[in-house]
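Containing mmCIF, C-alpha atoms: start12.cif.
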```cif
data_final
loop_
_atom_site.label_atom_id
_atom_site.label_comp_id
_atom_site.auth_asym_id
_atom_site.auth_seq_id
_atom_site.Cartn_x
_atom_site.Cartn_y
_atom_site.Cartn_z
CA ASN A 1 61.82 130.22 71.71
CA TYR A 2 61.01 128.27 68.61
CA VAL A 3 58.60 128.92 65.78
CA ALA A 4 56.46 126.09 64.42
CA ALA A 5 54.89 127.12 61.12
CA ALA A 6 51.61 125.44 60.24
CA ASP A 7 52.73 125.18 56.59
CA GLU A 8 55.60 122.93 57.70
CA ASN A 9 53.65 121.04 60.38
CA PRO A 10 50.37 119.61 59.10
CA TRP A 11 49.46 118.43 62.60
CA LEU A 12 49.09 122.11 63.60
CA GLN A 13 46.58 122.68 60.83
CA GLU A 14 44.64 119.63 61.98
CA LEU A 15 44.91 120.31 65.71
CA ASP A 16 41.49 119.93 67.31
CA LEU A 17 41.54 122.53 70.08
CA GLU A 18 38.23 121.34 71.46
CA GLU A 19 39.66 117.84 71.89
CA VAL A 20 42.89 119.17 73.41
CA ASN A 21 40.95 121.27 75.92
CA LEU A 22 38.63 118.35 76.72
CA THR A 23 41.70 116.21 77.45
CA LEU A 24 43.09 118.97 79.68
CA ALA A 25 39.77 119.16 81.56
CA LYS A 26 39.81 115.39 82.13
CA ARG A 27 43.38 115.64 83.42
CA ARG A 28 42.36 118.36 85.86
CA GLN A 29 39.47 116.19 87.05
CA SER A 30 41.77 113.19 87.60
CA PHE A 31 44.18 115.43 89.48
CA ALA A 32 41.39 116.80 91.70
CA GLU A 33 40.17 113.28 92.44
CA ALA A 34 43.69 112.15 93.36
CA LEU A 35 44.06 115.14 95.68
CA GLN A 36 40.67 114.62 97.31
CA GLY A 37 41.26 110.91 97.69
CA GLY A 38 44.56 111.61 99.42
CA ASN A 39 46.59 109.37 97.17
CA PHE A 40 48.28 112.01 95.01
CA TYR A 41 51.19 112.43 97.41
CA THR A 42 51.70 108.68 97.66
CA LEU A 43 52.34 108.46 93.91
CA GLY A 44 55.80 108.49 92.39
CA LYS A 45 57.12 111.62 90.72
CA GLU A 46 56.32 110.43 87.18
CA GLN A 47 52.76 109.52 88.15
CA GLN A 48 52.28 112.88 89.84
CA GLU A 49 53.59 114.67 86.76
CA SER A 50 51.22 112.73 84.52
CA LEU A 51 48.27 113.94 86.63
CA ALA A 52 49.27 117.47 87.61
CA PRO A 53 47.89 119.95 85.08
CA GLU A 54 50.52 122.21 83.55
CA ILE A 55 48.22 124.30 81.39
CA HIS A 56 44.56 125.16 81.61
CA GLU A 57 43.59 125.89 78.02
CA VAL A 58 45.02 125.93 74.50
CA GLN A 59 43.82 128.52 72.02
CA TRP A 60 44.97 130.28 68.88
CA LEU A 61 45.81 133.96 69.30
CA ASP A 62 46.30 136.58 66.66
CA MET A 63 49.73 138.21 66.72
CA ARG A 64 48.53 141.41 68.40
CA SER A 65 46.88 139.54 71.28
CA ALA A 66 49.90 137.28 71.77
CA VAL A 67 52.25 140.27 71.89
CA MET A 68 49.96 142.11 74.32
CA HIS A 69 49.78 139.10 76.68
CA ALA A 70 53.57 138.89 76.69
CA PHE A 71 54.01 142.66 77.07
CA THR A 72 51.62 142.98 79.99
CA SER A 73 53.44 140.19 81.84
CA MET A 74 56.08 142.82 82.60
CA ASN A 75 53.63 145.20 84.28
CA GLY A 76 54.35 146.14 87.87
CA SER A 77 50.79 145.15 88.75
CA LEU A 78 48.95 142.03 87.68
CA LEU A 79 47.01 142.12 84.43
CA PRO A 80 45.69 138.56 83.98
CA VAL A 81 45.25 137.15 80.47
CA ASN A 82 41.89 135.56 81.33
CA ASP A 83 39.44 134.92 84.18
CA PHE A 84 41.05 131.59 85.06
CA GLN A 85 44.45 133.21 85.57
CA LYS A 86 42.86 136.03 87.57
CA GLU A 87 41.10 133.57 89.89
CA GLU A 88 44.14 131.31 90.30
CA PHE A 89 46.54 134.17 90.99
CA HIS A 90 44.11 135.54 93.58
CA ARG A 91 43.69 132.10 95.14
CA MET A 92 47.47 131.60 95.32
CA GLY A 93 48.24 135.17 96.42
CA LEU A 94 50.40 135.87 93.37
CA GLN A 95 50.89 139.53 92.52
CA ARG A 96 52.60 139.29 89.13
CA ARG A 97 53.26 137.04 86.17
CA ASP A 98 56.71 135.88 85.11
CA PRO A 99 58.06 138.32 82.52
CA MET A 100 57.61 137.02 79.00
CA PHE A 101 59.97 139.50 77.37
CA LEU A 102 61.77 137.00 75.15
CA THR A 103 58.48 135.54 73.97
CA MET A 104 57.33 139.04 73.07
CA ALA A 105 60.61 139.80 71.28
CA THR A 106 60.34 136.52 69.37
CA LEU A 107 56.76 137.27 68.30
CA LEU A 108 57.76 140.74 67.12
CA GLU A 109 60.74 139.33 65.25
CA VAL A 110 58.57 136.70 63.53
CA ASP A 111 56.12 139.42 62.58
CA SER A 112 58.95 141.33 60.84
CA PHE A 113 59.21 138.63 58.14
CA PRO A 114 56.89 139.05 55.17
CA SER A 115 56.55 135.30 54.58
CA LEU A 116 57.47 131.89 55.92
CA GLN A 117 60.11 131.54 53.17
CA SER A 118 61.74 134.78 54.26
CA LEU A 119 61.92 133.51 57.85
CA VAL A 120 63.28 130.12 56.76
CA SER A 121 65.97 131.71 54.58
CA TYR A 122 67.09 133.94 57.44
CA SER A 123 67.03 131.09 59.97
CA ASP A 124 69.04 128.73 57.75
CA GLY A 125 72.01 131.05 58.19
CA LEU A 126 71.99 130.96 62.00
CA ASP A 127 73.89 128.73 64.43
CA GLN A 128 71.45 127.74 67.19
CA ASP A 129 74.02 127.37 69.99
CA LYS A 130 75.66 130.70 69.18
CA GLU A 131 72.27 132.41 69.10
CA VAL A 132 71.33 131.11 72.57
CA GLN A 133 74.62 132.31 74.04
CA ARG A 134 74.25 135.68 72.35
CA MET A 135 70.67 136.32 73.35
CA GLN A 136 69.79 134.83 76.75
CA TRP A 137 70.16 137.26 79.60
CA LEU A 138 66.68 137.09 81.14
CA HIS A 139 65.61 134.07 83.15
CA ASP A 140 62.39 132.59 84.56
CA GLY A 141 61.18 134.05 87.82
CA MET A 142 62.77 137.49 87.47
CA SER A 143 60.76 140.38 88.92
CA PRO A 144 60.03 143.46 86.79
CA GLU A 145 62.65 145.30 88.85
CA GLU A 146 65.27 142.61 88.15
CA VAL A 147 64.43 142.74 84.44
CA MET A 148 64.90 146.52 84.38
CA ALA A 149 68.14 146.32 86.37
CA LYS A 150 69.47 143.67 84.00
CA PHE A 151 68.45 145.77 81.03
CA LYS A 152 70.18 148.86 82.42
CA THR A 153 73.40 147.09 83.39
CA HIS A 154 73.66 144.43 80.68
CA ASN A 155 76.40 145.15 78.20
CA ALA A 156 74.20 144.12 75.30
CA PRO A 157 75.65 143.87 71.83
CA ALA A 158 73.78 145.43 68.93
CA GLN A 159 72.08 142.12 68.12
CA ILE A 160 70.35 142.07 71.51
CA MET A 161 69.42 145.71 71.22
CA ALA A 162 67.69 144.81 67.94
CA MET A 163 64.92 143.34 70.09
CA PHE A 164 64.11 146.90 71.14
CA ARG A 165 63.21 148.11 67.65
CA THR A 166 60.49 150.69 67.35
CA ALA A 167 57.34 149.96 65.36
CA GLU A 168 58.72 152.14 62.58
CA GLU A 169 62.02 150.23 62.55
CA ARG A 170 60.14 146.92 62.43
CA ALA A 171 58.02 148.13 59.50
CA GLU A 172 61.20 149.19 57.69
CA LEU A 173 62.76 145.78 58.40
CA TRP A 174 59.66 144.08 56.99
CA GLN A 175 59.97 146.15 53.81
CA GLN A 176 63.69 145.31 53.55
CA ARG A 177 63.01 141.60 53.97
CA THR A 178 60.22 141.76 51.40
CA LYS A 179 62.68 143.23 48.87
CA GLU A 180 65.27 140.56 49.73
CA GLU A 181 62.68 137.83 49.28
CA GLN A 182 61.59 139.21 45.90
CA ALA A 183 65.21 139.37 44.79
CA ARG A 184 65.63 135.65 45.58
CA LEU A 185 62.64 134.69 43.43
#
```
Let me see the file written as structure tokens.
Amino acid sequence: NYVAAADENPWLQELDLEEVNLTLAKRRQSFAEALQGGNFYTLGKEQQESLAPEIHEVQWLDMRSAVMHAFTSMNGSLLPVNDFQKEEFHRMGLQRRDPMFLTMATLLEVDSFPSLQSLVSYSDGLDQDKEVQRMQWLHDGMSPEEVMAKFKTHNAPAQIMAMFRTAEERAELWQQRTKEEQARL
């Protein structure tokens, strides 16, 4: 997972969600027309990919909501994030969402930094390739049972176990990082 801070990416601050969602709706309409007309499956892969909708809607979420959506993806039973997902999962006969554990852990980690500068300072000291090797042990498509089995049997170093901090530990980490940031100023 990556973090894109609005302060460092002006396009995020200027992103017109209404326009993005309108564009997505038009794409869904073009896709439906291609399916109904019977020509979708005659198109090449790149043309199909340009029509097939990957996402339904873009919206800003507060941190709590984003964490809850990721957390509930690991439920044994389906807890949809919105009516569209509920309807589509029912239509497709899907009983669960893919676990979004790493997304949740990333959101919680980002929330443990008191400021963007604190996050940037910490990140500057990391090696991206080493971090991926150290951290990735969950993969797309795993069932909740597979996630739990992996968790129970994975010989996780302390850095991975840091993702399992309690709320109290995360608050303490935030305080520590605040002090570190003030010391740098």
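Using only C-alpha atoms, the nearest neighbour of A:Ser118 within the list A:Leu43, A:Ala6, A:Ala32, A:Leu173 is A:Leu173.
Run against this file, the PyMOL selection byres ((chain A and resi 73) around 7) gives back His69, Ala70, Phe71, Thr72, Met74, Asn75, Arg97, Asp98, Pro99 and Met100 of chain A.
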The residue from A:Glu168, A:Glu180, A:Glu33, A:Asp62 with the smallest atom-to-atom distance to A:Ser115, counting only C-alpha atoms, is A:Glu180
query: If the PyMOL selection byres ((chain A and resi 144) around 7) is run on the structure shown, which residues does it catch, given as a list in words?
result: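 Applied to this file, the PyMOL selection byres ((chain A and resi 144) around 7) returns Met74, Gly76, Pro99, Met142, Ser143, Glu145, Glu146, Val147 and Met148 of chain A.
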Point to revise | Residue members of the PyMOL selection byres ((chain A and resi 114) around 8) in the file shown, as a ChimeraX atom specification | key: /A:111-113,115-116,118-119,174-175,177-178
**Prompt:** What does the distance from atom CA of A:His56 to atom CA of A:Thr103 come to in Å, to one decimal?
**Reply:**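 For atom CA of A:His56 relative to atom CA of A:Thr103, the distance reads 19.0 Å.
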Between A:Leu102, A:Ala52, A:Leu12, A:Ala5, smallest distance to A:Phe40 by all atoms listed in the file belongs to A:Ala52
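Residue nearest A:Met104 within the list A:Lys26, A:Arg64, A:Arg170, A:Lys179: A:Arg64 [criterion: smallest interatomic distance, only C-alpha atoms].
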Atom CA of A:Ile55 and atom CA of A:Asn21, how far apart in Å?
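Between atom CA of A:Asn21 and atom CA of A:Ile55 the gap works out to 9.6 Å.
Going from atom CA of A:Thr106 to atom CA of A:Glu54 covers 22.4 Å.
Closest approach to A:Glu49 among A:Ala171, A:Gln36, A:Ala183, A:Ser30: A:Ser30, based on only C-alpha atoms.
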